[in-house]
There are 2 protein chains.
Amino acid sequence: MSTTTSDVGVQVLERVRGALADASLDAVIATSREALIYTAGAVPPSLRTVRQRLAASIVPVSGETEAIVVSVDAQLMRERMWADRVTDYVEFEKHPMEVTADALRRQGLDGGRIGVELTALSVEAHEVLLRALPNAELVAADEFLSGLRVVKTPAEIDAIRRIGRAAQEIAATACRSVDAGATERELGNAISEAFAAAGGDELTMLVVGAGERSSHPNAPPTNRTLERGDVVRLDVIGTSAGYHCDVARTAVVGDPSDEVTKVYELLESVHERALAAVKPGAQSADVYRIYREAMEEAKLPPYHFVGHGLGITLHEEPFVHAKTSVALEPGMVLCIEPLTMLEGRFGVQIEDELVVTDDGCELITRASGLLPIGS
Amino acid sequence: MSTTTSDVGVQVLERVRGALADASLDAVIATSREALIYTAGAVPPSLRTVRQRLAASIVPVSGETEAIVVSVDAQLMRERMWADRVTDYVEFEKHPMEVTADALRRQGLDGGRIGVELTALSVEAHEVLLRALPNAELVAADEFLSGLRVVKTPAEIDAIRRIGRAAQEIAATACRSVDAGATERELGNAISEAFAAAGGDELTMLVVGAGERSSHPNAPPTNRTLERGDVVRLDVIGTSAGYHCDVARTAVVGDPSDEVTKVYELLESVHERALAAVKPGAQSADVYRIYREAMEEAKLPPYHFVGHGLGITLHEEPFVHAKTSVALEPGMVLCIEPLTMLEGRFGVQIEDELVVTDDGCELITRASGLLPIGS
């Protein structure tokens, strides 16, 4: 267990236990990827590759924390998880939710009020758990868990800052390392290698879209060649020690056209106005409104959202849109990402990460103009 | 849409529709990754990155097929999915299961008998769907869908064969491209690049474990250096056009020790005996028993399973273990993968892919001894 992971764990567990007491819950069973990482520090690789190999992390209001993982991942999870106990099950022998119920029973919690994730637990897994715990009261804990994650602990912010800054540097360096004639995939490979070297776990979604492909929302790198004058949109989305980075940049091969320069500068001014609106006490919907007005003044079509919380998941509260609103608080981490897509022609995006502070915000990353492709 | 994808789609849809009629189902709603790929040809990238962006693919027994995806992925999915119609929803405006219910209603199926995946659908999503379709009968279709996937269509076998053979070649070439002193990560990068160049979508789990790390079940590449005499275990697990490859090889840096040679040769003989047992009509549990007896004769500890079906998912029916048994049929695709782990010292694994044929099996890949590291 790394020191940083341990710091994250200590701070998070204290927060979860306090909230359990406040919510009159005896324990919470985390089963989603994000809640497993949040409450136990890691997620078994099998959860991604073999859907039936469910995992669970039990945090009781007091007493031992326990994680349930498939046997093939047990060794790795004993190294990476901070749960007091990691219990493994052999696939096909017993349902993971029965093993989870056994763990609760051992701690005398099988008659307790237990939070579960109804948006993550399948109907089938939930039924197995209900049958195995006939005396327990299983209640929805989805918002309980996601709500806890909105304001980050200092150790979480350190983890996000580290990989966010690395992503920003990697995007710029990778653009300089290729030239006209390279493919999107070669640029993507340069990013992937640097990301792994910087301690990244995986790029969960890498966007490298050149020319007309820069206007596709989620464009993975292809064999398309970068040509002079092409706009190249990059979005470096990945994780390190469980926490996400999400940094988008717009690059250009050679000199940008007047139109590209103009659109970029307009979007840059929109970005500045949205960033200036981020401070404690501000409503997230007001940040969106300011973005929207700035887009309208710039005569750019506003998008239905301009930002989102960032942490263990890529998109989490607070969402910066018109549909919901929360008051921003110190310790929230957000991405602000104005974009404009001229369908079939080119797309421009500027995305920075920030932390809300006591008197405004600290920019984790900071775009500085169109990135040059080639040295 | 590529020609191959289209071939896969035509064959699969015909099979799904026939089975719906046989099962007296009016439609099936696929929501798991694998069932989305199987019934619609692709899965929205967002499903991995943002959990609440659910997707669905509706296949009615007759009439239009329809996929429901989040707006941000709609453009890409209209290119990649073969559903007759791709309907998108804007996040936060309407629940994706309400949009799915609307689609069923448009085709007059809202009072029908509809299959859903209870192991994939969350409790919450299922409740939304139940409320939105008060007159429908929602029944578990998990085994219906996974059962259909067990015997592959010819176009599916072509897709699996192509990426499986590429993975075998990539593992051998990557081993020759590095030498003692390189890191696991460098060897891993060589595999990643070649995999992307071969048309791979993503390496869902790449194992590169050198020395004592070769005995860890799921060892991702790290900065550990490859030293003379090290055993290096590789497992190339990834997807191309939605179908998996899963090929494990054991390599060695320089000359293997007598012990490594002996263990490898013993395991090779076990592998041959297991492969020889694979033919139509054979019980999968008998293949496991033959493997187990061969391991015992070789004085190697048998593992609780020796193989699994391979297709859109990494591990699927037929599982080759003692717990369940199915009669093998032509068109089933399996991995046979004996392994032995000398904990903390070294691990050896040989994994090949095969297709059951009318009179035995066709080996898609074929291990030929310990792979050399370096040229």
# chains A, B, ... in the order shown; residues from 1 in each chain; ligands from 1

call {"tool": "select_by_dssp", "arguments": {"residues": "segment 122-316 of chain A", "states": "strand (DSSP E or B)", "output": "PyMOL selection string"}}
result
chain A and resi 122+137-140+151+183+202-210+225+231-240+243-253+283+305-309+316

call {"tool": "write_last_selection", "arguments": {"atoms": "C-alpha atoms", "output": "mmCIF file, in the first residue's frame"}}
result
data_model
loop_
_atom_site.group_PDB
_atom_site.id
_atom_site.type_symbol
_atom_site.label_atom_id
_atom_site.label_comp_id
_atom_site.auth_asym_id
_atom_site.auth_seq_id
_atom_site.Cartn_x
_atom_site.Cartn_y
_atom_site.Cartn_z
ATOM 1 C CA SER A 122 -28.348 -6.084 -10.450
ATOM 2 C CA GLU A 137 -33.202 -3.853 6.160
ATOM 3 C CA LEU A 138 -31.571 -3.069 2.814
ATOM 4 C CA VAL A 139 -31.902 0.594 1.886
ATOM 5 C CA ALA A 140 -30.736 2.634 -1.110
ATOM 6 C CA VAL A 151 -16.189 17.237 -1.531
ATOM 7 C CA THR A 183 -1.521 9.263 -37.816
ATOM 8 C CA GLU A 202 -5.264 3.231 -17.869
ATOM 9 C CA LEU A 203 -6.589 5.667 -20.408
ATOM 10 C CA THR A 204 -10.306 4.994 -20.045
ATOM 11 C CA MET A 205 -11.138 7.129 -23.064
ATOM 12 C CA LEU A 206 -8.580 8.835 -25.230
ATOM 13 C CA VAL A 207 -9.846 11.219 -27.893
ATOM 14 C CA VAL A 208 -7.564 12.058 -30.809
ATOM 15 C CA GLY A 209 -9.626 13.506 -33.659
ATOM 16 C CA ALA A 210 -7.993 15.311 -36.581
ATOM 17 C CA THR A 225 -3.170 11.118 -41.143
ATOM 18 C CA VAL A 231 -7.397 21.007 -36.094
ATOM 19 C CA VAL A 232 -6.694 18.105 -33.697
ATOM 20 C CA ARG A 233 -8.891 17.691 -30.643
ATOM 21 C CA LEU A 234 -7.403 15.732 -27.739
ATOM 22 C CA ASP A 235 -9.090 14.591 -24.573
ATOM 23 C CA VAL A 236 -6.886 12.716 -22.112
ATOM 24 C CA ILE A 237 -9.185 10.735 -19.843
ATOM 25 C CA GLY A 238 -7.627 8.146 -17.600
ATOM 26 C CA THR A 239 -6.989 7.058 -14.057
ATOM 27 C CA SER A 240 -4.086 6.884 -11.649
ATOM 28 C CA TYR A 243 -8.600 8.929 -9.605
ATOM 29 C CA HIS A 244 -9.422 10.458 -12.975
ATOM 30 C CA CYS A 245 -7.839 13.071 -15.117
ATOM 31 C CA ASP A 246 -9.837 14.754 -17.872
ATOM 32 C CA VAL A 247 -7.964 17.413 -19.830
ATOM 33 C CA ALA A 248 -8.976 18.445 -23.353
ATOM 34 C CA ARG A 249 -6.818 20.504 -25.662
ATOM 35 C CA THR A 250 -7.136 21.730 -29.205
ATOM 36 C CA ALA A 251 -4.041 21.551 -31.391
ATOM 37 C CA VAL A 252 -3.313 22.561 -34.944
ATOM 38 C CA VAL A 253 -0.909 21.252 -37.579
ATOM 39 C CA GLN A 283 -24.642 27.961 -7.654
ATOM 40 C CA PHE A 305 -23.629 21.330 -20.050
ATOM 41 C CA VAL A 306 -20.242 22.936 -19.503
ATOM 42 C CA GLY A 307 -18.722 21.025 -16.647
ATOM 43 C CA HIS A 308 -18.813 18.232 -14.139
ATOM 44 C CA GLY A 309 -17.281 17.003 -10.936
ATOM 45 C CA GLU A 316 -19.994 13.135 -11.022
#

call {"tool": "residues_around", "arguments": {"residues": "segment 344-360 of chain A", "least_positions_apart": "3", "cutoff": "6 Å", "atoms": "only C-alpha atoms", "output": "number ranges by chain"}}
result
A: 211-212, 214-215, 247-250, 279, 330-341, 363-366

call {"tool": "write_last_selection", "arguments": {"atoms": "N, CA and C atoms", "output": "PDB file, in the first residue's frame"}}
result
ATOM      1  N   GLY A 211      -8.828  16.998 -38.102  1.00  0.00           N
ATOM      2  CA  GLY A 211      -9.651  17.503 -39.204  1.00  0.00           C
ATOM      3  C   GLY A 211     -11.121  17.396 -38.850  1.00  0.00           C
ATOM      4  N   GLU A 212     -11.911  16.860 -39.780  1.00  0.00           N
ATOM      5  CA  GLU A 212     -13.359  16.752 -39.549  1.00  0.00           C
ATOM      6  C   GLU A 212     -13.658  15.876 -38.340  1.00  0.00           C
ATOM      7  N   SER A 214     -12.242  16.009 -35.546  1.00  0.00           N
ATOM      8  CA  SER A 214     -12.177  16.794 -34.304  1.00  0.00           C
ATOM      9  C   SER A 214     -13.576  17.256 -33.890  1.00  0.00           C
ATOM     10  N   SER A 215     -14.541  17.178 -34.799  1.00  0.00           N
ATOM     11  CA  SER A 215     -15.915  17.574 -34.453  1.00  0.00           C
ATOM     12  C   SER A 215     -16.766  16.395 -33.977  1.00  0.00           C
ATOM     13  N   VAL A 247      -8.527  16.160 -19.332  1.00  0.00           N
ATOM     14  CA  VAL A 247      -7.964  17.413 -19.830  1.00  0.00           C
ATOM     15  C   VAL A 247      -8.089  17.409 -21.353  1.00  0.00           C
ATOM     16  N   ALA A 248      -8.831  18.367 -21.892  1.00  0.00           N
ATOM     17  CA  ALA A 248      -8.976  18.445 -23.353  1.00  0.00           C
ATOM     18  C   ALA A 248      -8.219  19.655 -23.887  1.00  0.00           C
ATOM     19  N   ARG A 249      -7.582  19.450 -25.008  1.00  0.00           N
ATOM     20  CA  ARG A 249      -6.818  20.504 -25.662  1.00  0.00           C
ATOM     21  C   ARG A 249      -7.131  20.497 -27.150  1.00  0.00           C
ATOM     22  N   THR A 250      -6.985  21.643 -27.762  1.00  0.00           N
ATOM     23  CA  THR A 250      -7.136  21.730 -29.205  1.00  0.00           C
ATOM     24  C   THR A 250      -5.778  22.097 -29.784  1.00  0.00           C
ATOM     25  N   LYS A 279     -16.612  29.819  -7.512  1.00  0.00           N
ATOM     26  CA  LYS A 279     -16.142  30.179  -6.167  1.00  0.00           C
ATOM     27  C   LYS A 279     -17.104  29.590  -5.149  1.00  0.00           C
ATOM     28  N   PRO A 330     -15.699  24.580  -0.956  1.00  0.00           N
ATOM     29  CA  PRO A 330     -14.261  24.291  -1.019  1.00  0.00           C
ATOM     30  C   PRO A 330     -14.024  22.782  -0.983  1.00  0.00           C
ATOM     31  N   GLY A 331     -13.112  22.307  -1.819  1.00  0.00           N
ATOM     32  CA  GLY A 331     -12.814  20.876  -1.858  1.00  0.00           C
ATOM     33  C   GLY A 331     -13.516  20.157  -3.000  1.00  0.00           C
ATOM     34  N   MET A 332     -14.447  20.835  -3.661  1.00  0.00           N
ATOM     35  CA  MET A 332     -15.039  20.216  -4.860  1.00  0.00           C
ATOM     36  C   MET A 332     -14.029  20.334  -5.999  1.00  0.00           C
ATOM     37  N   VAL A 333     -13.952  19.288  -6.803  1.00  0.00           N
ATOM     38  CA  VAL A 333     -13.071  19.313  -7.979  1.00  0.00           C
ATOM     39  C   VAL A 333     -13.950  19.279  -9.216  1.00  0.00           C
ATOM     40  N   LEU A 334     -13.718  20.213 -10.132  1.00  0.00           N
ATOM     41  CA  LEU A 334     -14.551  20.318 -11.329  1.00  0.00           C
ATOM     42  C   LEU A 334     -13.706  20.367 -12.592  1.00  0.00           C
ATOM     43  N   CYS A 335     -14.317  19.939 -13.691  1.00  0.00           N
ATOM     44  CA  CYS A 335     -13.800  20.224 -15.019  1.00  0.00           C
ATOM     45  C   CYS A 335     -14.727  21.260 -15.651  1.00  0.00           C
ATOM     46  N   ILE A 336     -14.136  22.277 -16.250  1.00  0.00           N
ATOM     47  CA  ILE A 336     -14.912  23.234 -17.048  1.00  0.00           C
ATOM     48  C   ILE A 336     -14.432  23.046 -18.486  1.00  0.00           C
ATOM     49  N   GLU A 337     -15.390  22.789 -19.389  1.00  0.00           N
ATOM     50  CA  GLU A 337     -14.985  22.347 -20.722  1.00  0.00           C
ATOM     51  C   GLU A 337     -15.858  22.884 -21.850  1.00  0.00           C
ATOM     52  N   PRO A 338     -15.781  24.193 -22.116  1.00  0.00           N
ATOM     53  CA  PRO A 338     -16.542  24.683 -23.265  1.00  0.00           C
ATOM     54  C   PRO A 338     -16.029  24.064 -24.560  1.00  0.00           C
ATOM     55  N   LEU A 339     -16.939  23.809 -25.469  1.00  0.00           N
ATOM     56  CA  LEU A 339     -16.541  23.244 -26.761  1.00  0.00           C
ATOM     57  C   LEU A 339     -17.509  23.748 -27.810  1.00  0.00           C
ATOM     58  N   THR A 340     -17.047  23.713 -29.024  1.00  0.00           N
ATOM     59  CA  THR A 340     -17.946  24.035 -30.122  1.00  0.00           C
ATOM     60  C   THR A 340     -17.568  23.155 -31.302  1.00  0.00           C
ATOM     61  N   MET A 341     -18.581  22.523 -31.883  1.00  0.00           N
ATOM     62  CA  MET A 341     -18.349  21.542 -32.938  1.00  0.00           C
ATOM     63  C   MET A 341     -18.953  22.060 -34.232  1.00  0.00           C
ATOM     64  N   LEU A 363      -6.663  26.543 -10.235  1.00  0.00           N
ATOM     65  CA  LEU A 363      -6.644  25.809 -11.495  1.00  0.00           C
ATOM     66  C   LEU A 363      -5.582  24.720 -11.420  1.00  0.00           C
ATOM     67  N   ILE A 364      -6.012  23.480 -11.547  1.00  0.00           N
ATOM     68  CA  ILE A 364      -5.058  22.368 -11.567  1.00  0.00           C
ATOM     69  C   ILE A 364      -4.332  22.374 -12.905  1.00  0.00           C
ATOM     70  N   THR A 365      -5.095  22.627 -13.970  1.00  0.00           N
ATOM     71  CA  THR A 365      -4.488  22.757 -15.303  1.00  0.00           C
ATOM     72  C   THR A 365      -4.918  24.109 -15.858  1.00  0.00           C
ATOM     73  N   ARG A 366      -4.244  24.533 -16.925  1.00  0.00           N
ATOM     74  CA  ARG A 366      -4.495  25.876 -17.459  1.00  0.00           C
ATOM     75  C   ARG A 366      -4.113  25.866 -18.931  1.00  0.00           C
TER      76      ARG A 366
END

call {"tool": "interface_residues", "arguments": {"of": "chain A", "to": "chain B", "cutoff": "6 Å", "atoms": "only C-alpha atoms", "output": "JSON list (two decimals) with N, CA and C atoms, in the first residue's frame"}}
result
[["chain", "number", "residue", "atom", "x", "y", "z"],
["A", 118, "LEU", "N", -28.53, 0.62, -5.27],
["A", 118, "LEU", "CA", -29.59, 0.09, -6.15],
["A", 118, "LEU", "C", -29.38, 0.45, -7.61],
["A", 119, "THR", "N", -28.54, 1.45, -7.89],
["A", 119, "THR", "CA", -28.24, 1.75, -9.30],
["A", 119, "THR", "C", -27.09, 0.89, -9.81],
["A", 120, "ALA", "N", -26.42, 0.16, -8.91],
["A", 120, "ALA", "CA", -25.28, -0.65, -9.33],
["A", 120, "ALA", "C", -25.54, -2.14, -9.16],
["A", 121, "LEU", "N", -26.34, -2.48, -8.18],
["A", 121, "LEU", "CA", -26.60, -3.89, -7.89],
["A", 121, "LEU", "C", -27.65, -4.41, -8.88],
["A", 122, "SER", "N", -27.37, -5.54, -9.50],
["A", 122, "SER", "CA", -28.35, -6.08, -10.45],
["A", 122, "SER", "C", -29.55, -6.62, -9.69],
["A", 123, "VAL", "N", -30.65, -6.75, -10.41],
["A", 123, "VAL", "CA", -31.86, -7.32, -9.82],
["A", 123, "VAL", "C", -31.53, -8.69, -9.22],
["A", 124, "GLU", "N", -30.77, -9.48, -9.95],
["A", 124, "GLU", "CA", -30.46, -10.84, -9.51],
["A", 124, "GLU", "C", -29.59, -10.82, -8.26]]

call {"tool": "select_by_dssp", "arguments": {"residues": "segment 72-156 of chain B", "states": "alpha helix (DSSP H)", "output": "PyMOL selection string"}}
result
chain B and resi 72-80+96-106+123-132+142-150+154-156

call {"tool": "closest_residue", "arguments": {"among": "B:Gly311, B:Leu342, B:Val270, B:Val61", "to": "Val150 of chain B", "atoms": "only C-alpha atoms"}}
result
B:Gly311

call {"tool": "atom_distance", "arguments": {"atom1": "atom CA of Val263 of chain B", "atom2": "atom CA of Ala367 of chain B"}}
result
15.1 Å

call {"tool": "residues_around", "arguments": {"residues": "Leu133 of chain B", "least_positions_apart": "5", "cutoff": "9 Å", "atoms": "only C-alpha atoms", "output": "list in words"}}
result
Glu98, Ala101, Asp102, Leu104, Arg105, Asp110, Gly111, Val128 and Leu138 of chain B

call {"tool": "atom_distance", "arguments": {"atom1": "atom CA of Glu362 of chain B", "atom2": "atom CA of Gly188 of chain B"}}
result
28.7 Å

call {"tool": "residues_around", "arguments": {"residues": "segment 294-296 of chain B", "least_positions_apart": "4", "cutoff": "9 Å", "atoms": "only C-alpha atoms", "output": "ChimeraX atom specification"}}
result
/B:266-267,269-271,273-274,289-290,300-303,338

call {"tool": "atom_distance", "arguments": {"atom1": "atom CA of Ile37 of chain B", "atom2": "atom CA of Gln107 of chain B"}}
result
22.3 Å

call {"tool": "residues_around", "arguments": {"residues": "Asp7 of chain B", "least_positions_apart": "5", "cutoff": "9 Å", "atoms": "only C-alpha atoms", "output": "PDB file with C-alpha atoms, in the first residue's frame"}}
result
ATOM      1  CA  SER B   2     -17.573  -3.037 -42.209  1.00  0.00           C
ATOM      2  CA  VAL B  12     -26.882 -13.107 -35.358  1.00  0.00           C
ATOM      3  CA  PRO B 154     -19.317 -18.581 -39.126  1.00  0.00           C
ATOM      4  CA  ALA B 155     -18.834 -14.804 -39.259  1.00  0.00           C
ATOM      5  CA  GLU B 156     -18.250 -14.690 -35.507  1.00  0.00           C
TER       6      GLU B 156
END

call {"tool": "closest_residue", "arguments": {"among": "B:Ala180, B:Ala277, B:Cys361, B:Ala30", "to": "Asp142 of chain B", "atoms": "only C-alpha atoms"}}
result
B:Ala30
